[in-house]
Amino acid sequence: MACTLKSVVVCGVLLAIIDILHGLVTLGFYGYQFIVESFYLCPLNLPVEKCHNKIYIYEQMFEMRVYIGIGEGIACVLFSIIYIVALVKHKPSLTWIWLMKSFAVVAINVYYLAAWLIRQGRYDHIEWEKQVYEDQFIFTAEGLTLAQIIIMVLFCLIGGIFTYKVCEERTASRRSLRHRRKWGSHDATAPPLDNYDEEETQYLNDALTNSDKTLPARAASRQSLSEISRADTFKHSTGV
């Protein structure tokens, strides 16, 4: 099947829907973590000292990432909607704005993954129990980063083809428009004639551009072509 502009737009819309799902997963995970932090971070059976230590480590390691993750999920959805609109409206320059969001998401996840791995042993002196949510943060960040990289590669492929197809379509439209203007123009002019002076040539040009297909009025001092023709005919017929 030929790679048409319509098929490229369909592929781009499907990719945007996948990215919306990516954003919803991000928003759902970090939103859930925000709820856990607000209401269920310290169970009732947890000693007070360990609870304080757990809250402290959570604030140092994960709290800021939760807030950024919520904003990241919302941004993914908004940028994907803008991307869909740009595809439908055939706006290549607007579609590439999505790439900034993708780079930002990858950079944020890579930064926090490195920070978590580096700072894992920094709080060993604090008495607390390793929680399951630590591994959840790391595994989720790895999965979201990998998914965003794959989406970004597919986006660059589709975006390049989409930009080329739109430019090709616009070039063909401009050529067609120039062609129609060339052959449909009403500014036709008569070529200069050797046997007529400048005033006579202007008269013929006015006749060609007249939409009523009638000859304009001639000056009183000039004879029309039909009068000259009749005069010549009469002269030859009576000159015997």
# chains A, B, ... in the order shown; residues from 1 in each chain; ligands from 1

$ residues_around --residues "Phe155 (chain A)" --least-positions-apart "3" --cutoff "9 Å" --atoms "only C-alpha atoms" --output "PyMOL selection string"
chain A and resi 12+15-16+98-99+150-152+158-160

$ residues_around --residues "Val9 (chain A)" --least-positions-apart "3" --cutoff "8 Å" --atoms "only C-alpha atoms" --output "PyMOL selection string"
chain A and resi 5-6+12-13+87-88+162

$ closest_residue --among "A:Asn45, A:Ser93, A:Val10, A:Asp19" --to "Phe79 (chain A)" --atoms "only C-alpha atoms"
A:Asp19

$ closest_residue --among "A:Tyr58, A:Val153, A:Ile20, A:Trp116" --to "Ala75 (chain A)" --atoms "only C-alpha atoms"
A:Ile20

$ atom_distance --atom1 "CA of Val110 (chain A)" --atom2 "CA of Phe62 (chain A)"
14.1 Å

$ atom_distance --atom1 "CA of Gln33 (chain A)" --atom2 "CA of Tyr83 (chain A)"
28.7 Å

$ closest_residue --among "A:Ile35, A:Leu41, A:Ala172, A:Ala141" --to "Asn53 (chain A)" --atoms "only C-alpha atoms"
A:Leu41

$ atom_distance --atom1 "CA of Val66 (chain A)" --atom2 "CA of Phe34 (chain A)"
6.4 Å

$ residues_around --residues "Gly23 (chain A)" --least-positions-apart "3" --cutoff "6 Å" --atoms "only C-alpha atoms" --output "list in words"
Ile20, Thr26, Gly73, Cys76 and Val77 of chain A
